[in-house]
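One structure below.
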Amino acid sequence: MRTKKLRNFIFSIHRYIGLAVGLILILIGITGSLLVFHSDIDDWIVSQQFGVVIPQGQPISIDRTVEIAQAARPQWKAISVSIPKSDRHPFNVLMEEPKVNPDIYLDGAHQVFVNPYTEKVMGDRLERFSYYRFLLNLHYRLFVEQPGVILTGIVAVFLLVAAITGTLLWSGWRKLSTGFKIKWNAHIKRRNFDLHKVVGITTAVFLSLTAITGFGWNFADFTYPAIRAVTFSPTPNDDPVTSKPRSGQAPITLAKAVEQAKTALPGMQRISVDLPLSETGAISIYGLYGESWSTYGVAHIDRYSGQVLQAEDSRQPKSLGDRIINSFFDLHVGTFWGLPSRILYVLVGFAPLVLFITGVVMWQHRRENKNKSKSVKIPVTSDR
């Protein structure tokens with residue numbers, strides 16, 4: 001009897017979580033699927049909107065690129081530039097206009113695309129309306145800034161609880177073969193139930209991973225110190241890295257800074273450069289070692305001497321806490337097995353949609369059955 005009551009209690013939690021946050025989970029799941037291959041999709045969008053780069057001769061330097069963008073858009077200020085991924089990609093210069101809303105990250109930022117061979121500005125767009133930034137803002141904060149970050153973080157907890165309770169309710173615990181079987185020839189109610197249980201159990205682990213890492217990111221001010229405290233890991237130094245101005249010495253070129261970063265962190269790809277925003281600011285070079293953002297390198301270069309002030313290679317984390325935090329991206333986006341796991345995560349992102357629809361259908365069937373049982377009148381017989 002106690003087992004039945006416990007199961008009913010778990011079932012109620014599972015059902016009402018699904019009904020309460022199901023629509024938000026659908027939105028987060030689908031946008032997450034669309035973000036898995038965001039880089040490839042955005043490259044295609046840029047080529048369709050601004051044209052394809054055709055290699056012809058020697059490409060211009062990163063310094064010349066910034067000069068061209070600044071001259072073409074003098075009302076904006078260049079703050080970073082991304083080096084082309086290949087000879088068929090443009091330079092991407094991020095430029096900032098006076099902020100419309102200082103509380104919104106990169107609110108007045110524009111992406112300016114420069115052809116590395118013709119020295120022409122191919123066009124520009126608001127950064128927040130790029131494919132990646134638009135979907136990320138919807139996925140991460142629902143377009144409502146900090147309240148949205150908190151809301152999606154809380155929804156991640158509900159998703160984790162739903163995945164755990166669904167796993168506990170899974171019928172396969174009684175007989176393993178039935179837990180993964182869908183009776184396509186059965187009544188529609190049975191097919192609906194089978195689809196719900198199979199999709200739920202096959203995606204439970206991956207949905208749990210995205211829930212845990214999503215919560216960890218959204219509440220990083222709490223989770224990161226907690227992870228480092230539990231693992232006895234030191235807190236990294238977040239003090240800004242600064243350059244030392246030298247009398248009569250001009251700043252080094254951005255190209256020189258990139259060379260220094262590549263020497264300190266060999267093998268980096270997809271490199272972007274943050275320009276110093278003050279006389280004492282450093283040149284910051286960011287790059288990836290593959291498709292995953294969890295394997296990255298960062299080098300801060302003194303803008304006058306060219307000295308490497310600080311370098312970080314995520315493949316060689318200094319502590320267990322850093323390794324755990326760096327693993328969030330792979331576990332959340334599905335880059336841990338390369339292309340196969342990324343494709344898997346695209347499908348996992350649509351699981352909340354299937355589970356919500358099948359769950360609502362089951363809920364309606366239960367309501368109908370309850371109403372029918374209440375409407376049945378028991379005949380009264382006399383003892384004459």
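Each chain in the structure tokens gets a letter, A, B and so on, in the order shown; residues start at 1 in every chain, and ligands are counted from 1 in the order they appear.
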Selection near Phe206 (chain A), 8 Å with only C-alpha atoms, sequence-local residues under 4 positions removed, as number ranges by chain | A: 210, 345, 348
Deliver the residues from the most recent selection as a file, using N, CA and C atoms, as a PDB file, in the first residue's frame.
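The result, written out as result.pdb:
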ATOM      1  N   THR A 210      21.729  18.437 -19.484  1.00  0.00           N
ATOM      2  CA  THR A 210      21.467  19.814 -19.909  1.00  0.00           C
ATOM      3  C   THR A 210      20.834  20.617 -18.777  1.00  0.00           C
ATOM      4  N   TYR A 345      22.042  15.467 -29.846  1.00  0.00           N
ATOM      5  CA  TYR A 345      21.498  16.561 -29.038  1.00  0.00           C
ATOM      6  C   TYR A 345      20.462  17.391 -29.794  1.00  0.00           C
ATOM      7  N   VAL A 348      17.508  15.344 -29.075  1.00  0.00           N
ATOM      8  CA  VAL A 348      17.146  15.472 -27.657  1.00  0.00           C
ATOM      9  C   VAL A 348      16.404  16.781 -27.402  1.00  0.00           C
TER      10      VAL A 348
END
Tell me which protein, DNA and RNA residues are within 12 Å of Gly248 (chain A), counting only C-alpha atoms, leaving out same-chain ones fewer than 2 positions away, and put them as a PyMOL selection string.
-> chain A and resi 245-246+250-251+304-305
Non-local contacts of Ser341 (chain A) (12 Å; only C-alpha atoms; under 5 positions in same chain excluded) as a PyMOL selection string = chain A and resi 33+36-37+206+292+330-336+346-348
Of the listed residues A:Leu25, A:Leu339, A:Ile325, A:Leu6, that which approaches Ala220 (chain A) most closely, counting only C-alpha atoms = A:Ile325
From a DSSP calculation on the backbone, collect every residue of region 124-361 of chain A in strand (DSSP E) and output the set as a PyMOL selection string.
-> chain A and resi 124-126+269-274+283-288+296-301+308-313
Could you save the residues just selected, with N, CA and C atoms, as a short mmCIF file (atom, residue, chain, number, x, y, z; two decimals), in the first residue's frame?
data_model
loop_
_atom_site.label_atom_id
_atom_site.label_comp_id
_atom_site.auth_asym_id
_atom_site.auth_seq_id
_atom_site.Cartn_x
_atom_site.Cartn_y
_atom_site.Cartn_z
N ASP A 124 26.85 45.14 -42.75
CA ASP A 124 26.86 45.02 -41.30
C ASP A 124 25.46 44.65 -40.81
N ARG A 125 25.38 44.20 -39.57
CA ARG A 125 24.11 43.85 -38.95
C ARG A 125 24.23 44.04 -37.44
N LEU A 126 23.10 44.27 -36.79
CA LEU A 126 23.10 44.34 -35.34
C LEU A 126 23.47 42.98 -34.76
N GLN A 269 42.58 27.67 -33.10
CA GLN A 269 41.85 27.97 -34.32
C GLN A 269 40.71 28.94 -33.98
N ARG A 270 40.03 29.41 -35.02
CA ARG A 270 38.87 30.29 -34.84
C ARG A 270 39.19 31.39 -33.85
N ILE A 271 40.21 32.16 -34.20
CA ILE A 271 40.77 33.16 -33.28
C ILE A 271 40.02 34.48 -33.39
N SER A 272 39.77 35.09 -32.23
CA SER A 272 39.23 36.44 -32.18
C SER A 272 40.10 37.29 -31.27
N VAL A 273 40.11 38.58 -31.54
CA VAL A 273 40.99 39.50 -30.83
C VAL A 273 40.16 40.61 -30.21
N ASP A 274 40.29 40.79 -28.90
CA ASP A 274 39.66 41.92 -28.21
C ASP A 274 40.65 43.07 -28.18
N ILE A 283 45.84 43.47 -25.04
CA ILE A 283 45.22 42.84 -26.21
C ILE A 283 44.91 41.39 -25.82
N SER A 284 43.67 41.01 -25.92
CA SER A 284 43.26 39.66 -25.50
C SER A 284 42.95 38.81 -26.72
N ILE A 285 43.60 37.67 -26.81
CA ILE A 285 43.44 36.75 -27.93
C ILE A 285 42.71 35.50 -27.44
N TYR A 286 41.62 35.15 -28.13
CA TYR A 286 40.83 33.97 -27.79
C TYR A 286 40.84 33.01 -28.98
N GLY A 287 40.89 31.72 -28.69
CA GLY A 287 40.85 30.73 -29.76
C GLY A 287 40.37 29.39 -29.25
N LEU A 288 39.95 28.54 -30.16
CA LEU A 288 39.49 27.20 -29.83
C LEU A 288 40.48 26.17 -30.38
N TYR A 296 39.62 25.70 -25.08
CA TYR A 296 39.92 27.04 -25.59
C TYR A 296 41.26 27.52 -25.03
N GLY A 297 41.76 28.56 -25.65
CA GLY A 297 42.96 29.21 -25.15
C GLY A 297 42.74 30.71 -25.07
N VAL A 298 43.32 31.34 -24.07
CA VAL A 298 43.22 32.80 -23.90
C VAL A 298 44.61 33.33 -23.57
N ALA A 299 45.02 34.34 -24.31
CA ALA A 299 46.31 34.97 -24.05
C ALA A 299 46.13 36.48 -23.98
N HIS A 300 46.68 37.10 -22.94
CA HIS A 300 46.64 38.55 -22.79
C HIS A 300 48.03 39.09 -23.07
N ILE A 301 48.09 40.00 -24.04
CA ILE A 301 49.38 40.50 -24.53
C ILE A 301 49.55 41.98 -24.17
N VAL A 308 53.72 38.28 -23.29
CA VAL A 308 52.54 37.52 -22.89
C VAL A 308 52.36 37.70 -21.38
N LEU A 309 51.33 38.44 -21.01
CA LEU A 309 51.10 38.73 -19.60
C LEU A 309 50.43 37.58 -18.87
N GLN A 310 49.57 36.88 -19.59
CA GLN A 310 48.84 35.76 -18.99
C GLN A 310 48.35 34.85 -20.11
N ALA A 311 48.44 33.55 -19.90
CA ALA A 311 47.97 32.59 -20.89
C ALA A 311 47.24 31.45 -20.18
N GLU A 312 46.14 31.01 -20.77
CA GLU A 312 45.34 29.94 -20.19
C GLU A 312 44.97 28.93 -21.27
N ASP A 313 45.27 27.68 -21.01
CA ASP A 313 44.91 26.58 -21.90
C ASP A 313 43.93 25.69 -21.14
#
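Closest approach to Pro236 (chain A) from the set A:Pro74, A:Pro55, A:Pro147, A:Pro317 is made by A:Pro317, with distances taken over only C-alpha atoms.
Take the candidates A:Ile343, A:Ile79, A:Leu135, A:Val360 and check each one against Gly281 (chain A) using only C-alpha atoms; the shortest distance goes to A:Ile79.
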With only C-alpha atoms as the atoms that count, which of A:Ser86, A:Asn371, A:Ser171, A:Ser294 lies nearest to Lys197 (chain A)?
-> A:Ser171
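When only C-alpha atoms are used to measure the gap to Thr203 (chain A), the shortest distance among A:Arg367, A:Ile357, A:Lys318, A:Ala162 belongs to A:Ala162.
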Within 12 Å of Pro84 (chain A), counting only C-alpha atoms, which residues qualify if same-chain residues fewer than 4 places away don't, as a compact mmCIF listing (two decimals) with all heavy atoms, in the first residue's frame?
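Output file out_31.txt follows:
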# COMPACT_ATOMS: atom_id res chain seq x y z
N ASP A 43 27.29 30.94 -40.61
CA ASP A 43 28.19 31.16 -41.75
C ASP A 43 27.39 31.15 -43.05
O ASP A 43 27.65 31.96 -43.96
CB ASP A 43 29.26 30.06 -41.79
CG ASP A 43 30.30 30.23 -40.71
OD1 ASP A 43 30.39 31.32 -40.13
OD2 ASP A 43 31.03 29.24 -40.43
N VAL A 53 33.02 35.10 -50.11
CA VAL A 53 34.38 35.58 -50.33
C VAL A 53 35.08 34.68 -51.34
O VAL A 53 35.07 33.46 -51.19
CB VAL A 53 35.17 35.60 -49.00
CG1 VAL A 53 36.64 35.93 -49.26
CG2 VAL A 53 34.56 36.60 -48.04
N PRO A 55 38.71 33.88 -52.89
CA PRO A 55 40.14 34.14 -52.69
C PRO A 55 40.78 34.70 -53.96
O PRO A 55 40.56 34.20 -55.05
CB PRO A 55 40.70 32.74 -52.36
CG PRO A 55 39.52 31.94 -51.90
CD PRO A 55 38.35 32.47 -52.65
N PRO A 59 45.61 37.90 -48.54
CA PRO A 59 44.62 38.61 -47.72
C PRO A 59 45.26 39.75 -46.94
O PRO A 59 46.47 39.75 -46.67
CB PRO A 59 44.13 37.51 -46.77
CG PRO A 59 45.25 36.53 -46.69
CD PRO A 59 45.89 36.54 -48.04
N ILE A 60 44.46 40.71 -46.58
CA ILE A 60 44.94 41.86 -45.81
C ILE A 60 45.18 41.45 -44.36
O ILE A 60 44.71 40.40 -43.91
CB ILE A 60 43.95 43.04 -45.87
CG1 ILE A 60 42.59 42.62 -45.30
CG2 ILE A 60 43.81 43.55 -47.29
CD1 ILE A 60 41.56 43.75 -45.24
N SER A 61 45.89 42.28 -43.63
CA SER A 61 46.20 41.98 -42.23
C SER A 61 45.01 42.33 -41.34
O SER A 61 44.09 43.07 -41.74
CB SER A 61 47.43 42.77 -41.78
OG SER A 61 47.12 44.16 -41.72
N ILE A 62 45.05 41.85 -40.12
CA ILE A 62 43.99 42.15 -39.17
C ILE A 62 43.99 43.64 -38.81
O ILE A 62 42.93 44.23 -38.59
CB ILE A 62 44.17 41.27 -37.90
CG1 ILE A 62 42.99 41.47 -36.94
CG2 ILE A 62 45.48 41.55 -37.21
CD1 ILE A 62 43.03 40.52 -35.76
N THR A 65 42.29 45.50 -41.55
CA THR A 65 40.86 45.24 -41.48
C THR A 65 40.17 46.19 -40.52
O THR A 65 39.11 46.75 -40.82
CB THR A 65 40.61 43.78 -41.02
OG1 THR A 65 41.21 42.90 -41.95
CG2 THR A 65 39.13 43.50 -40.92
N ARG A 88 37.58 31.56 -47.50
CA ARG A 88 36.28 31.91 -48.09
C ARG A 88 35.36 32.60 -47.07
O ARG A 88 34.16 32.72 -47.30
CB ARG A 88 35.61 30.67 -48.67
CG ARG A 88 36.35 30.12 -49.88
CD ARG A 88 35.57 29.04 -50.60
NE ARG A 88 36.26 28.61 -51.81
CZ ARG A 88 36.14 29.21 -53.00
NH1 ARG A 88 35.34 30.26 -53.13
NH2 ARG A 88 36.80 28.77 -54.05
N HIS A 89 35.93 32.99 -45.95
CA HIS A 89 35.16 33.70 -44.93
C HIS A 89 35.67 35.13 -44.79
O HIS A 89 36.86 35.39 -44.97
CB HIS A 89 35.25 32.99 -43.58
CG HIS A 89 34.50 31.70 -43.52
ND1 HIS A 89 35.03 30.50 -43.91
CD2 HIS A 89 33.24 31.44 -43.10
CE1 HIS A 89 34.15 29.54 -43.74
NE2 HIS A 89 33.05 30.08 -43.25
N PRO A 90 34.80 36.08 -44.43
CA PRO A 90 35.23 37.46 -44.23
C PRO A 90 35.76 37.69 -42.82
O PRO A 90 35.55 36.88 -41.92
CB PRO A 90 33.93 38.25 -44.46
CG PRO A 90 32.86 37.33 -43.97
CD PRO A 90 33.33 35.94 -44.33
N PHE A 91 36.45 38.80 -42.63
CA PHE A 91 36.73 39.28 -41.29
C PHE A 91 35.42 39.75 -40.67
O PHE A 91 34.56 40.30 -41.36
CB PHE A 91 37.72 40.45 -41.33
CG PHE A 91 39.16 40.06 -41.43
CD1 PHE A 91 39.82 40.11 -42.65
CD2 PHE A 91 39.86 39.65 -40.30
CE1 PHE A 91 41.17 39.76 -42.75
CE2 PHE A 91 41.21 39.30 -40.40
CZ PHE A 91 41.85 39.36 -41.61
N ASN A 92 35.29 39.54 -39.38
CA ASN A 92 34.09 39.98 -38.66
C ASN A 92 34.54 40.95 -37.58
O ASN A 92 35.12 40.55 -36.56
CB ASN A 92 33.37 38.77 -38.06
CG ASN A 92 32.11 39.16 -37.29
OD1 ASN A 92 31.81 40.33 -37.10
ND2 ASN A 92 31.38 38.16 -36.84
N VAL A 93 34.28 42.23 -37.78
CA VAL A 93 34.69 43.27 -36.83
C VAL A 93 33.48 43.66 -35.99
O VAL A 93 32.45 44.07 -36.54
CB VAL A 93 35.26 44.51 -37.55
CG1 VAL A 93 35.75 45.53 -36.52
CG2 VAL A 93 36.39 44.11 -38.49
N PHE A 113 31.34 43.17 -41.71
CA PHE A 113 32.04 42.12 -42.45
C PHE A 113 32.91 42.75 -43.54
O PHE A 113 32.42 43.52 -44.37
CB PHE A 113 31.03 41.15 -43.06
CG PHE A 113 30.18 40.46 -42.02
CD1 PHE A 113 28.92 40.94 -41.69
CD2 PHE A 113 30.67 39.35 -41.35
CE1 PHE A 113 28.15 40.32 -40.73
CE2 PHE A 113 29.90 38.72 -40.38
CZ PHE A 113 28.64 39.20 -40.07
N VAL A 114 34.20 42.40 -43.50
CA VAL A 114 35.18 42.98 -44.43
C VAL A 114 35.78 41.86 -45.28
O VAL A 114 36.24 40.84 -44.75
CB VAL A 114 36.30 43.71 -43.66
CG1 VAL A 114 37.32 44.28 -44.64
CG2 VAL A 114 35.72 44.82 -42.79
N ASN A 115 35.76 42.06 -46.60
CA ASN A 115 36.36 41.09 -47.52
C ASN A 115 37.88 41.17 -47.40
O ASN A 115 38.46 42.24 -47.61
CB ASN A 115 35.93 41.40 -48.95
CG ASN A 115 36.33 40.30 -49.93
OD1 ASN A 115 37.49 39.90 -49.99
ND2 ASN A 115 35.37 39.83 -50.71
N PRO A 116 38.56 40.08 -47.05
CA PRO A 116 40.01 40.14 -46.83
C PRO A 116 40.84 40.29 -48.09
O PRO A 116 42.06 40.44 -48.01
CB PRO A 116 40.31 38.79 -46.15
CG PRO A 116 39.22 37.88 -46.59
CD PRO A 116 38.00 38.74 -46.79
N TYR A 117 40.21 40.26 -49.28
CA TYR A 117 40.96 40.37 -50.53
C TYR A 117 40.66 41.68 -51.26
O TYR A 117 41.56 42.30 -51.81
CB TYR A 117 40.64 39.18 -51.43
CG TYR A 117 40.97 37.85 -50.78
CD1 TYR A 117 39.98 37.09 -50.17
CD2 TYR A 117 42.29 37.38 -50.75
CE1 TYR A 117 40.28 35.88 -49.55
CE2 TYR A 117 42.60 36.18 -50.13
CZ TYR A 117 41.59 35.43 -49.53
OH TYR A 117 41.90 34.25 -48.90
N GLN A 269 42.58 27.67 -33.10
CA GLN A 269 41.85 27.97 -34.32
C GLN A 269 40.71 28.94 -33.98
O GLN A 269 40.47 29.23 -32.82
CB GLN A 269 41.28 26.69 -34.92
CG GLN A 269 42.31 25.59 -35.15
CD GLN A 269 41.67 24.26 -35.42
OE1 GLN A 269 40.47 24.16 -35.67
NE2 GLN A 269 42.46 23.19 -35.38
N ARG A 270 40.03 29.41 -35.02
CA ARG A 270 38.87 30.29 -34.84
C ARG A 270 39.19 31.39 -33.85
O ARG A 270 38.56 31.56 -32.82
CB ARG A 270 37.65 29.48 -34.39
CG ARG A 270 37.19 28.46 -35.41
CD ARG A 270 36.12 27.55 -34.88
NE ARG A 270 34.92 28.28 -34.50
CZ ARG A 270 33.84 27.71 -33.96
NH1 ARG A 270 33.83 26.40 -33.75
NH2 ARG A 270 32.79 28.42 -33.65
N ILE A 271 40.21 32.16 -34.20
CA ILE A 271 40.77 33.16 -33.28
C ILE A 271 40.02 34.48 -33.39
O ILE A 271 39.69 34.94 -34.48
CB ILE A 271 42.27 33.37 -33.59
CG1 ILE A 271 43.04 32.08 -33.25
CG2 ILE A 271 42.83 34.55 -32.82
CD1 ILE A 271 44.49 32.12 -33.66
N SER A 272 39.77 35.09 -32.23
CA SER A 272 39.23 36.44 -32.18
C SER A 272 40.10 37.29 -31.27
O SER A 272 40.75 36.76 -30.35
CB SER A 272 37.79 36.45 -31.69
OG SER A 272 37.71 36.01 -30.35
N VAL A 273 40.11 38.58 -31.54
CA VAL A 273 40.99 39.50 -30.83
C VAL A 273 40.16 40.61 -30.21
O VAL A 273 39.41 41.30 -30.92
CB VAL A 273 42.05 40.10 -31.78
CG1 VAL A 273 42.98 41.04 -31.02
CG2 VAL A 273 42.83 39.00 -32.47
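Going from CA of Arg128 (chain A) to CA of Thr280 (chain A) covers 28.8 Å.
Look at Val230 (chain A): the protein and nucleic acid residues within 12 Å of it, using only C-alpha atoms and passing over chain neighbours fewer than 6 places away, are Thr223, Tyr224, Ser319, Leu320, Gly321, Asp322 and Ile324 of chain A.
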Take the residues from that selection and write them out as an mmCIF file, in the first residue's frame, keeping N, CA, C and O atoms.
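Result saved to selection-v1.cif:
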data_model
loop_
_atom_site.group_PDB
_atom_site.id
_atom_site.type_symbol
_atom_site.label_atom_id
_atom_site.label_comp_id
_atom_site.auth_asym_id
_atom_site.auth_seq_id
_atom_site.Cartn_x
_atom_site.Cartn_y
_atom_site.Cartn_z
ATOM 1 N N THR A 223 27.018 28.569 -8.091
ATOM 2 C CA THR A 223 27.483 27.208 -8.383
ATOM 3 C C THR A 223 28.997 27.120 -8.546
ATOM 4 O O THR A 223 29.612 26.153 -8.077
ATOM 5 N N TYR A 224 29.612 28.100 -9.206
ATOM 6 C CA TYR A 224 31.059 28.035 -9.418
ATOM 7 C C TYR A 224 31.826 28.040 -8.092
ATOM 8 O O TYR A 224 32.704 27.186 -7.873
ATOM 9 N N SER A 319 42.888 22.890 -11.723
ATOM 10 C CA SER A 319 42.241 22.256 -10.579
ATOM 11 C C SER A 319 41.079 21.388 -11.045
ATOM 12 O O SER A 319 40.612 21.497 -12.186
ATOM 13 N N LEU A 320 40.599 20.524 -10.132
ATOM 14 C CA LEU A 320 39.439 19.683 -10.421
ATOM 15 C C LEU A 320 38.199 20.536 -10.651
ATOM 16 O O LEU A 320 37.387 20.234 -11.524
ATOM 17 N N GLY A 321 38.062 21.605 -9.880
ATOM 18 C CA GLY A 321 36.914 22.491 -10.047
ATOM 19 C C GLY A 321 36.858 23.084 -11.436
ATOM 20 O O GLY A 321 35.790 23.164 -12.057
ATOM 21 N N ASP A 322 38.018 23.490 -11.964
ATOM 22 C CA ASP A 322 38.071 24.047 -13.317
ATOM 23 C C ASP A 322 37.703 22.997 -14.353
ATOM 24 O O ASP A 322 37.039 23.293 -15.344
ATOM 25 N N ILE A 324 35.657 20.472 -13.956
ATOM 26 C CA ILE A 324 34.209 20.273 -13.894
ATOM 27 C C ILE A 324 33.485 21.414 -14.598
ATOM 28 O O ILE A 324 32.584 21.187 -15.412
#
Would you mind reading off the distance between CA of Asn137 (chain A) and CA of Ile28 (chain A), one decimal, in Å?
-> 10.5 Å
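If only C-alpha atoms are the atoms counted, then among A:Leu277, A:Ala78, A:Ile68, A:Ile201 the closest residue to Leu169 (chain A) is A:Ile201.
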Please provide the set of residues having any atom within 12 Å of Leu151 (chain A), restricted to only C-alpha atoms, with same-chain residues fewer than 5 positions apart removed, written as a CSV table (one decimal) with N, CA, C and O atoms, in the first residue's frame.
chain,number,residue,atom,x,y,z
A,21,VAL,N,5.5,23.6,-16.6
A,21,VAL,CA,6.6,24.2,-17.3
A,21,VAL,C,6.8,23.6,-18.7
A,21,VAL,O,7.9,23.9,-19.3
A,24,ILE,N,7.5,26.1,-21.7
A,24,ILE,CA,8.8,26.8,-21.6
A,24,ILE,C,9.9,25.8,-22.0
A,24,ILE,O,10.9,26.1,-22.7
A,25,LEU,N,9.8,24.5,-21.5
A,25,LEU,CA,10.8,23.5,-21.9
A,25,LEU,C,10.8,23.2,-23.4
A,25,LEU,O,11.8,23.0,-23.9
A,28,ILE,N,12.8,26.2,-24.8
A,28,ILE,CA,14.2,26.0,-24.5
A,28,ILE,C,14.8,24.9,-25.3
A,28,ILE,O,15.9,24.9,-25.8
A,138,LEU,N,17.0,34.0,-26.5
A,138,LEU,CA,15.7,33.4,-26.3
A,138,LEU,C,15.9,32.1,-25.4
A,138,LEU,O,15.1,31.9,-24.5
A,139,HIS,N,16.9,31.4,-25.7
A,139,HIS,CA,17.2,30.1,-25.0
A,139,HIS,C,17.6,30.3,-23.6
A,139,HIS,O,17.2,29.6,-22.7
A,140,TYR,N,18.4,31.3,-23.4
A,140,TYR,CA,19.1,31.5,-22.1
A,140,TYR,C,18.3,32.4,-21.1
A,140,TYR,O,18.3,32.2,-19.9
A,141,ARG,N,17.7,33.5,-21.7
A,141,ARG,CA,17.0,34.5,-20.8
A,141,ARG,C,15.6,34.9,-21.3
A,141,ARG,O,15.0,35.8,-20.7
A,142,LEU,N,15.1,34.2,-22.3
A,142,LEU,CA,13.7,34.5,-22.8
A,142,LEU,C,13.5,36.0,-23.1
A,142,LEU,O,12.4,36.5,-23.0
A,143,PHE,N,14.6,36.7,-23.5
A,143,PHE,CA,14.5,38.1,-23.9
A,143,PHE,C,14.2,39.0,-22.7
A,143,PHE,O,13.8,40.2,-23.0
A,144,VAL,N,14.2,38.6,-21.5
A,144,VAL,CA,13.9,39.4,-20.4
A,144,VAL,C,15.1,39.6,-19.4
A,144,VAL,O,14.9,39.8,-18.2
A,145,GLU,N,16.3,39.5,-20.0
A,145,GLU,CA,17.5,39.8,-19.2
A,145,GLU,C,17.6,38.9,-17.9
A,145,GLU,O,17.3,37.8,-17.9
A,146,GLN,N,17.9,39.6,-16.8
A,146,GLN,CA,18.2,38.8,-15.6
A,146,GLN,C,17.0,38.0,-15.1
A,146,GLN,O,17.2,36.9,-14.6
A,156,ALA,N,15.2,24.7,-15.2
A,156,ALA,CA,16.2,23.6,-15.4
A,156,ALA,C,16.1,22.6,-14.2
A,156,ALA,O,16.2,21.4,-14.4
A,157,VAL,N,15.8,23.1,-13.0
A,157,VAL,CA,15.6,22.3,-11.8
A,157,VAL,C,14.4,21.4,-12.0
A,157,VAL,O,14.4,20.2,-11.7
A,158,PHE,N,13.3,22.0,-12.5
A,158,PHE,CA,12.1,21.3,-12.8
A,158,PHE,C,12.3,20.2,-13.8
A,158,PHE,O,11.8,19.0,-13.7
A,214,GLY,N,22.8,23.7,-17.3
A,214,GLY,CA,22.0,24.9,-17.5
A,214,GLY,C,21.8,25.7,-16.2
A,214,GLY,O,22.0,26.9,-16.1
A,215,PHE,N,21.5,24.9,-15.2
A,215,PHE,CA,21.4,25.5,-13.8
A,215,PHE,C,22.7,26.1,-13.4
A,215,PHE,O,22.8,27.2,-12.8
A,218,ASN,N,23.4,29.4,-15.3
A,218,ASN,CA,22.5,30.5,-14.9
A,218,ASN,C,22.7,31.0,-13.5
A,218,ASN,O,22.4,32.2,-13.2
A,219,PHE,N,23.2,30.2,-12.6
A,219,PHE,CA,23.4,30.6,-11.2
A,219,PHE,C,24.9,30.4,-10.9
A,219,PHE,O,25.3,30.0,-9.9
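Residues of region 236-265 of chain A assigned to helix (DSSP H, G or I) by DSSP on this structure's backbone: Leu254, Ala255, Lys256, Ala257, Val258, Glu259, Gln260, Ala261, Lys262, Thr263 and Ala264 of chain A.
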Pull N, CA, C and O atoms from the residues just selected and write them as a short mmCIF file (atom, residue, chain, number, x, y, z; two decimals), in the first residue's frame.
data_model
loop_
_atom_site.label_atom_id
_atom_site.label_comp_id
_atom_site.auth_asym_id
_atom_site.auth_seq_id
_atom_site.Cartn_x
_atom_site.Cartn_y
_atom_site.Cartn_z
N LEU A 254 48.27 44.37 -34.05
CA LEU A 254 47.43 43.25 -33.65
C LEU A 254 47.96 41.94 -34.22
O LEU A 254 47.88 40.89 -33.57
N ALA A 255 48.51 42.01 -35.43
CA ALA A 255 49.08 40.82 -36.05
C ALA A 255 50.24 40.27 -35.20
O ALA A 255 50.38 39.05 -35.04
N LYS A 256 51.06 41.16 -34.65
CA LYS A 256 52.16 40.75 -33.78
C LYS A 256 51.63 40.10 -32.51
O LYS A 256 52.15 39.07 -32.05
N ALA A 257 50.55 40.65 -31.96
CA ALA A 257 49.94 40.10 -30.75
C ALA A 257 49.41 38.69 -31.01
O ALA A 257 49.55 37.80 -30.17
N VAL A 258 48.81 38.50 -32.19
CA VAL A 258 48.29 37.17 -32.54
C VAL A 258 49.43 36.17 -32.66
O VAL A 258 49.32 35.02 -32.21
N GLU A 259 50.56 36.58 -33.25
CA GLU A 259 51.72 35.70 -33.36
C GLU A 259 52.23 35.28 -31.98
O GLU A 259 52.56 34.11 -31.76
N GLN A 260 52.27 36.24 -31.07
CA GLN A 260 52.72 35.94 -29.71
C GLN A 260 51.78 34.95 -29.03
O GLN A 260 52.23 34.04 -28.33
N ALA A 261 50.47 35.12 -29.24
CA ALA A 261 49.49 34.22 -28.64
C ALA A 261 49.62 32.81 -29.22
O ALA A 261 49.54 31.82 -28.48
N LYS A 262 49.83 32.71 -30.52
CA LYS A 262 49.99 31.40 -31.15
C LYS A 262 51.25 30.69 -30.67
O LYS A 262 51.29 29.46 -30.58
N THR A 263 52.28 31.47 -30.39
CA THR A 263 53.51 30.87 -29.87
C THR A 263 53.30 30.35 -28.46
O THR A 263 53.77 29.26 -28.10
N ALA A 264 52.56 31.12 -27.65
CA ALA A 264 52.30 30.71 -26.27
C ALA A 264 51.29 29.57 -26.20
O ALA A 264 51.38 28.70 -25.33
#
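Straight-line separation from CA of Trp363 (chain A) to CA of Leu19 (chain A): 9.3 Å.
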Polymer residues at most 12 Å from Tyr16 (chain A), only C-alpha atoms, same-chain spacing of 4 or more positions, as a ChimeraX atom specification = /A:9-12,20-22,158-159,161-162,165-166,356,359-360,363
